[in-house]
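Asks: This one is input01.txt, compact mmCIF, C-alpha atoms.
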```
# COMPACT_ATOMS: atom_id res chain seq x y z
CA MET R 10 -12.59 105.16 94.67
CA SER R 11 -12.15 106.66 91.24
CA THR R 12 -13.58 105.07 88.14
CA ASP R 13 -10.12 104.16 86.76
CA LYS R 14 -9.15 102.34 89.96
CA GLN R 15 -12.41 100.40 89.92
CA VAL R 16 -11.74 99.20 86.38
CA VAL R 17 -8.20 98.09 87.25
CA LYS R 18 -9.45 96.22 90.34
CA ALA R 19 -12.17 94.51 88.33
CA GLU R 20 -9.62 93.38 85.71
CA GLN R 21 -7.36 91.95 88.42
CA GLU R 22 -10.20 89.99 90.01
CA ASN R 23 -11.39 88.43 86.75
CA GLU R 24 -9.42 85.64 85.09
CA PHE R 25 -8.48 86.23 81.49
CA THR R 26 -9.56 83.19 79.45
CA THR R 27 -9.57 84.48 75.88
CA THR R 28 -7.28 82.53 73.54
CA HIS R 29 -4.77 84.57 71.53
CA HIS R 30 -3.58 83.45 68.08
CA VAL R 31 -0.26 84.91 67.03
CA TYR R 32 0.74 84.67 63.38
CA GLU R 33 4.39 85.19 62.61
CA PRO R 34 6.07 85.49 59.20
CA HIS R 35 7.38 82.20 57.82
CA ARG R 36 11.13 81.70 57.81
CA ALA R 37 12.55 78.91 55.67
CA GLY R 38 15.16 76.84 57.43
CA ILE R 39 16.04 73.42 58.77
CA PRO R 40 14.50 72.68 62.20
CA PRO R 41 16.59 71.17 65.03
CA LEU R 42 17.42 67.75 63.61
CA GLY R 43 17.53 65.93 66.95
CA ASN R 44 14.04 66.97 68.00
CA TYR R 45 12.69 66.42 64.51
CA ALA R 46 14.14 62.90 64.31
CA ARG R 47 12.67 62.00 67.70
CA GLU R 48 9.22 63.24 66.67
CA LEU R 49 9.56 61.36 63.41
CA TRP R 50 10.31 58.12 65.25
CA LYS R 51 7.54 58.63 67.84
CA ARG R 52 4.96 59.04 65.07
CA ARG R 53 6.14 56.15 62.87
CA GLU R 54 2.85 54.35 63.52
CA PHE R 55 1.09 57.35 62.01
CA ALA R 56 3.04 56.86 58.77
CA SER R 57 2.28 53.16 58.86
CA GLU R 58 -1.46 53.77 59.17
CA MET R 59 -1.37 56.31 56.33
CA SER R 60 0.35 53.72 54.16
CA LYS R 61 -2.18 51.02 55.05
CA ALA R 62 -5.06 53.39 54.27
CA THR R 63 -3.53 54.14 50.87
CA MET R 64 -3.14 50.45 50.11
CA ARG R 65 -6.70 49.71 51.15
CA GLY R 66 -7.93 52.55 48.96
CA ALA R 67 -6.02 51.13 46.00
CA ASN R 68 -7.26 47.56 46.70
CA THR R 69 -3.68 46.33 46.96
CA LEU R 70 -4.52 44.26 50.06
CA THR R 71 -6.98 42.10 48.11
CA VAL R 72 -6.04 38.95 46.18
CA PHE R 73 -6.63 40.52 42.77
CA GLY R 74 -4.87 43.70 43.85
CA GLN R 75 -1.79 41.70 44.84
CA LEU R 76 -2.04 39.75 41.60
CA TRP R 77 -1.99 42.92 39.53
CA LEU R 78 1.11 44.11 41.38
CA VAL R 79 2.85 41.02 40.02
CA LEU R 80 1.24 40.89 36.58
CA ASN R 81 1.97 44.48 35.63
CA PRO R 82 5.79 44.35 35.85
CA LEU R 83 5.75 40.72 34.70
CA LEU R 84 3.98 41.63 31.46
CA LEU R 85 6.40 44.50 30.97
CA ALA R 86 9.30 42.09 31.46
CA GLY R 87 7.77 39.78 28.84
CA VAL R 88 7.45 42.62 26.34
CA TYR R 89 11.02 43.80 26.89
CA TYR R 90 12.29 40.22 26.71
CA LEU R 91 10.69 39.69 23.31
CA LEU R 92 12.11 42.97 22.02
CA VAL R 93 15.61 42.21 23.29
CA GLN R 94 15.43 38.67 21.97
CA ILE R 95 14.49 39.89 18.50
CA LEU R 96 17.23 42.52 18.51
CA ALA R 97 19.78 40.04 19.87
CA GLY R 98 18.80 37.31 17.43
CA GLY R 99 17.42 35.00 20.10
CA SER R 100 20.77 34.48 21.82
CA LYS R 101 19.56 35.03 25.39
CA GLY R 102 17.66 32.51 27.45
CA MET R 103 15.76 32.10 30.68
CA ASP R 104 18.60 33.41 32.83
CA PHE R 105 18.31 36.78 31.10
CA PHE R 106 14.55 36.82 31.70
CA ALA R 107 15.18 36.22 35.42
CA GLN R 108 17.64 39.10 35.47
CA LEU R 109 15.15 41.26 33.57
CA CYS R 110 12.42 40.52 36.13
CA ALA R 111 14.72 41.31 39.07
CA GLY R 112 15.75 44.61 37.52
CA LEU R 113 12.25 45.69 36.49
CA PHE R 114 10.61 44.74 39.77
CA THR R 115 13.19 46.73 41.74
CA PHE R 116 13.24 49.67 39.33
CA TYR R 117 9.47 50.03 39.60
CA PHE R 118 9.79 50.07 43.38
CA VAL R 119 12.04 53.15 43.11
CA ALA R 120 9.87 54.72 40.39
CA GLY R 121 6.73 54.04 42.43
CA SER R 122 8.31 55.61 45.51
CA MET R 123 9.13 58.70 43.49
CA SER R 124 5.66 59.01 41.92
CA THR R 125 3.61 58.37 45.06
CA GLY R 126 6.02 60.42 47.14
CA ALA R 127 5.67 63.38 44.78
CA ALA R 128 1.89 63.36 45.23
CA SER R 129 1.93 62.71 48.99
CA VAL R 130 1.96 66.30 50.27
CA VAL R 131 -0.36 67.81 47.68
CA GLY R 132 -2.73 64.86 47.98
CA GLY R 133 -2.84 65.11 51.77
CA GLY R 134 -3.71 68.80 51.92
CA LYS R 135 -6.53 68.61 54.51
CA LEU R 136 -4.49 66.36 56.77
CA LEU R 137 -1.55 68.72 56.52
CA LEU R 138 -3.68 71.76 57.37
CA ASN R 139 -5.53 70.23 60.33
CA THR R 140 -2.97 67.98 62.03
CA ALA R 141 0.40 68.72 63.62
CA PHE R 142 3.08 66.16 62.77
CA PRO R 143 6.48 66.03 61.04
CA ARG R 144 5.56 66.42 57.37
CA LEU R 145 8.40 64.15 56.30
CA LEU R 146 6.19 61.25 57.38
CA MET R 147 4.09 61.78 54.24
CA PRO R 148 6.72 60.89 51.60
CA PHE R 149 8.16 58.25 53.92
CA SER R 150 4.69 56.69 54.13
CA ALA R 151 4.56 56.67 50.32
CA VAL R 152 7.86 54.74 50.19
CA ARG R 153 6.46 52.21 52.66
CA THR R 154 3.47 51.74 50.37
CA ALA R 155 5.73 51.25 47.33
CA PHE R 156 7.87 48.74 49.24
CA PHE R 157 4.90 46.60 50.29
CA ARG R 158 3.73 46.66 46.69
CA PHE R 159 7.19 45.43 45.72
CA LEU R 160 7.25 42.50 48.15
CA PRO R 161 4.80 40.23 46.21
CA THR R 162 7.16 40.31 43.22
CA LEU R 163 9.97 38.61 45.14
CA PRO R 164 8.40 35.10 45.16
CA VAL R 165 7.72 35.50 41.43
CA TYR R 166 11.37 36.30 40.82
CA ALA R 167 12.42 33.32 42.98
CA LEU R 168 10.33 31.05 40.73
CA PHE R 169 12.06 32.30 37.57
CA HIS R 170 15.42 32.08 39.34
CA ILE R 171 14.81 28.37 39.96
CA VAL R 172 13.47 27.72 36.45
CA ALA R 173 16.55 29.40 34.95
CA GLY R 174 18.77 27.05 36.98
CA LEU R 175 20.78 29.90 38.45
CA GLY R 176 21.09 28.22 41.85
CA PHE R 177 21.30 29.77 45.30
CA HIS R 178 24.53 30.97 46.87
CA PRO R 179 25.34 32.50 50.29
CA SER R 180 26.67 35.58 48.50
CA MET R 181 23.08 36.33 47.40
CA LEU R 182 22.45 37.61 50.93
CA VAL R 183 24.64 40.59 50.07
CA ALA R 184 21.74 41.78 47.90
CA LEU R 185 19.94 42.71 51.14
CA TYR R 186 22.52 45.43 51.73
CA PHE R 187 21.90 46.93 48.29
CA LEU R 188 18.14 46.61 48.81
CA GLY R 189 18.53 48.59 52.03
CA LEU R 190 20.47 51.25 50.10
CA LEU R 191 17.71 51.36 47.49
CA ILE R 192 15.14 51.99 50.25
CA VAL R 193 17.25 54.82 51.69
CA PHE R 194 17.67 56.24 48.19
CA ALA R 195 13.91 56.00 47.55
CA LEU R 196 13.19 57.91 50.79
CA GLY R 197 15.39 60.77 49.64
CA VAL R 198 13.94 60.84 46.13
CA ALA R 199 10.36 60.78 47.46
CA ALA R 200 11.05 63.67 49.85
CA PHE R 201 12.72 65.74 47.12
CA PHE R 202 9.95 65.35 44.56
CA ALA R 203 7.25 65.84 47.20
CA THR R 204 8.74 69.29 47.79
CA ILE R 205 9.08 70.06 44.08
CA GLN R 206 5.44 69.05 43.48
CA VAL R 207 4.22 71.69 45.96
CA TYR R 208 5.79 74.46 43.86
CA PHE R 209 5.42 72.92 40.39
CA ARG R 210 2.16 71.00 40.08
CA ASP R 211 3.08 69.51 36.68
CA THR R 212 5.90 67.45 38.19
CA THR R 213 3.85 64.25 38.40
CA SER R 214 2.94 64.60 34.72
CA PHE R 215 6.62 64.79 33.82
CA LEU R 216 7.77 61.85 35.96
CA PRO R 217 6.52 58.99 33.68
CA TYR R 218 8.71 60.28 30.83
CA PHE R 219 11.64 60.78 33.15
CA ASN R 220 11.24 57.23 34.50
CA ARG R 221 11.20 55.76 30.99
CA ILE R 222 14.50 57.44 30.11
CA TRP R 223 15.91 56.45 33.51
CA LEU R 224 14.93 52.84 32.85
CA TYR R 225 16.86 52.70 29.58
CA ALA R 226 19.91 54.32 31.19
CA SER R 227 19.94 51.86 34.12
CA PRO R 228 21.26 48.27 34.17
CA VAL R 229 17.80 46.71 33.80
CA LEU R 230 17.51 45.79 30.12
CA TRP R 231 21.26 45.25 30.14
CA SER R 232 23.80 44.22 32.76
CA ILE R 233 27.14 45.78 33.61
CA GLU R 234 29.02 42.56 32.83
CA GLN R 235 27.51 42.27 29.33
CA VAL R 236 28.47 45.75 28.12
CA PRO R 237 30.78 45.55 25.06
CA PRO R 238 34.29 46.97 25.55
CA ARG R 239 33.64 49.82 23.10
CA PHE R 240 30.96 51.21 25.42
CA GLU R 241 33.02 51.05 28.63
CA GLY R 242 33.62 54.80 28.50
CA VAL R 243 29.87 55.48 28.41
CA VAL R 244 29.31 53.05 31.27
CA THR R 245 31.97 54.83 33.33
CA ILE R 246 30.20 58.15 32.82
CA MET R 247 26.81 56.63 33.67
CA GLU R 248 28.28 55.22 36.87
CA TYR R 249 28.81 58.74 38.19
CA VAL R 250 25.70 60.33 36.65
CA ASN R 251 23.07 57.64 37.24
CA PRO R 252 22.62 56.54 40.89
CA LEU R 253 20.86 53.32 39.88
CA HIS R 254 23.90 52.21 37.91
CA SER R 255 25.64 51.13 41.09
CA LEU R 256 22.59 50.63 43.33
CA LEU R 257 20.57 48.48 40.95
CA GLY R 258 23.62 46.99 39.28
CA GLY R 259 25.04 45.80 42.59
CA PHE R 260 21.66 44.43 43.69
CA THR R 261 21.07 42.34 40.55
CA GLU R 262 24.69 41.24 40.42
CA CYS R 263 24.34 39.71 43.88
CA LEU R 264 20.79 38.40 43.53
CA VAL R 265 20.91 36.97 40.00
CA ASN R 266 24.53 35.92 39.56
CA GLY R 267 25.51 35.38 43.18
CA ASP R 268 28.64 37.51 42.62
CA ILE R 269 30.18 39.97 45.05
CA PRO R 270 30.39 43.41 43.40
CA HIS R 271 33.65 45.32 43.19
CA LEU R 272 34.55 47.60 46.09
CA HIS R 273 34.02 50.59 43.81
CA THR R 274 30.36 49.58 43.35
CA TRP R 275 29.89 49.29 47.11
CA VAL R 276 31.35 52.72 47.79
CA THR R 277 29.54 54.44 44.93
CA ALA R 278 26.17 52.92 45.87
CA THR R 279 26.57 53.85 49.54
CA VAL R 280 27.57 57.43 48.75
CA TRP R 281 24.68 57.87 46.29
CA ALA R 282 22.10 56.52 48.76
CA GLY R 283 23.37 58.59 51.69
CA ALA R 284 23.75 61.79 49.65
CA VAL R 285 20.30 61.60 48.02
CA PHE R 286 18.64 60.79 51.35
CA ALA R 287 20.34 63.73 53.07
CA ILE R 288 19.67 66.21 50.28
CA GLY R 289 16.05 65.16 49.76
CA SER R 290 15.19 65.09 53.47
CA LEU R 291 16.90 68.37 54.34
CA PHE R 292 15.35 70.11 51.34
CA PHE R 293 11.92 68.88 52.41
CA MET R 294 12.38 69.91 56.05
CA SER R 295 13.63 73.36 55.06
CA ARG R 296 10.43 74.07 53.11
CA GLU R 297 7.74 72.12 54.97
CA ARG R 298 6.56 75.09 57.09
CA GLU R 299 5.60 76.80 53.86
CA PHE R 300 3.46 73.94 52.52
CA ALA R 301 0.26 75.06 54.26
CA VAL R 302 0.49 78.44 52.51
CA ARG R 303 1.17 76.87 49.11
CA LEU R 304 -1.64 74.31 49.16
```
Show me, as structure tokens, the structure contained in the file I just sent.
Replies:
Amino acid sequence: MSTDKQVVKAEQENEFTTTHHVYEPHRAGIPPLGNYARELWKRREFASEMSKATMRGANTLTVFGQLWLVLNPLLLAGVYYLLVQILAGGSKGMDFFAQLCAGLFTFYFVAGSMSTGAASVVGGGKLLLNTAFPRLLMPFSAVRTAFFRFLPTLPVYALFHIVAGLGFHPSMLVALYFLGLLIVFALGVAAFFATIQVYFRDTTSFLPYFNRIWLYASPVLWSIEQVPPRFEGVVTIMEYVNPLHSLLGGFTECLVNGDIPHLHTWVTATVWAGAVFAIGSLFFMSREREFAVRL
């Protein structure tokens, strides 16, 4: 038998056990949405545990941690109340303070989702490099964290609602629909800014200034019903430019006043929430395979 035939026979008899690693060029694009959604749902506990670990690290599961979650926006509400009272000549009472608390608590839930979501991918670099999972779980986990930080503020608002004598009405349950839209909206915003942060690392430094301007442009320090007629044109423009105009306005209108918003508010809020969620999530998914290279 020739030498070549002996080599071939030896190769056929031996099992090949060496592992091959194939590296292919990255191609940006949206993965199959059905498979991605199923994987996202199967690993929801993973996102939950990430959120719990973040909350434990920030001491938000302790008594004093929970207390600070309430005190921080409450002190801000007190400061804004004093400023508005001085500017308004002391014409607004406890009912306005209740509305102010409801608006601020909810606004800081959205702002917190955006800030923590923006830092979720960059902050979880080692996890992202060493573990295979749908990356969208990272900003979604950040929104879960922001929501559980928001929950302790609800009993505080209920106390001020009672003190203000606003009463409780069945129509207040409609606020749950707008709260659900706010959560969907926060998921989209968190995913969008998490992607932006990977490419522009100064995004989180810019967000506090953006949030301050967004606060003044949203119906938090003011309500839609109290806008003077001469500013109705500006309010109409803000309704189409600012998503929180309808989302937060509809939520506080139901929760504080017990009123059913106009159909236009329902439609606008639903469209804003769905559009931002779709755009933010799809943008994130289209770029997530590139994150490991960028980090």
Asks: Select, counting only C-alpha atoms, all protein, DNA and RNA residues no farther than 12 Å from (30.4, 52.5, 34.5) in file coordinates, and express the selection as a ChimeraX atom specification.
Replies: /R:226-228,232-238,240-256,258-259,271,273-274,277
Asks: Could you check which of R:Phe118, R:Phe142, R:Trp281, R:Phe105 is closest to R:Ala46, using all atoms listed in the file?
Replies: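 Smallest separation from R:Ala46 among the options: R:Phe142.
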Asks: So what do you get for atom CA of R:His170 versus atom CA of R:Leu83, distance-wise?
Replies: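 Interatomic distance here is 13.8 Å.
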Asks: Using only C-alpha atoms, determine which residues lie at most 10 Å from R:Pro179, disregarding the query and same-chain residues fewer than 2 positions distant; provide the list as an mmCIF file with C-alpha atoms, in the frame of the given file.
Replies:
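After the write, out_19.cif holds the following:
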```
data_model
loop_
_atom_site.group_PDB
_atom_site.id
_atom_site.type_symbol
_atom_site.label_atom_id
_atom_site.label_comp_id
_atom_site.auth_asym_id
_atom_site.auth_seq_id
_atom_site.Cartn_x
_atom_site.Cartn_y
_atom_site.Cartn_z
ATOM 1 C CA PHE R 177 21.300 29.770 45.300
ATOM 2 C CA MET R 181 23.080 36.330 47.400
ATOM 3 C CA LEU R 182 22.450 37.610 50.930
ATOM 4 C CA VAL R 183 24.640 40.590 50.070
ATOM 5 C CA CYS R 263 24.340 39.710 43.880
ATOM 6 C CA GLY R 267 25.510 35.380 43.180
ATOM 7 C CA ASP R 268 28.640 37.510 42.620
#
```
Asks: Nearest to R:Tyr186 among R:Ile288, R:Leu163, R:Ala282, R:Met64, with distances taken over all atoms listed in the file: which residue is it?
Replies: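 Selected residue with least distance to R:Tyr186: R:Ala282.
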Asks: With all atoms listed in the file as the atoms that count, which of R:Phe201, R:Trp50, R:Phe215, R:Trp275 lies nearest to R:Met294?
Replies: R:Phe201
Asks: With all atoms listed in the file as the atoms that count, which of R:Val131, R:Tyr117, R:Lys51, R:Ala111 lies nearest to R:Tyr208?
Replies: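 Closest residue, counting all atoms listed in the file: R:Val131.
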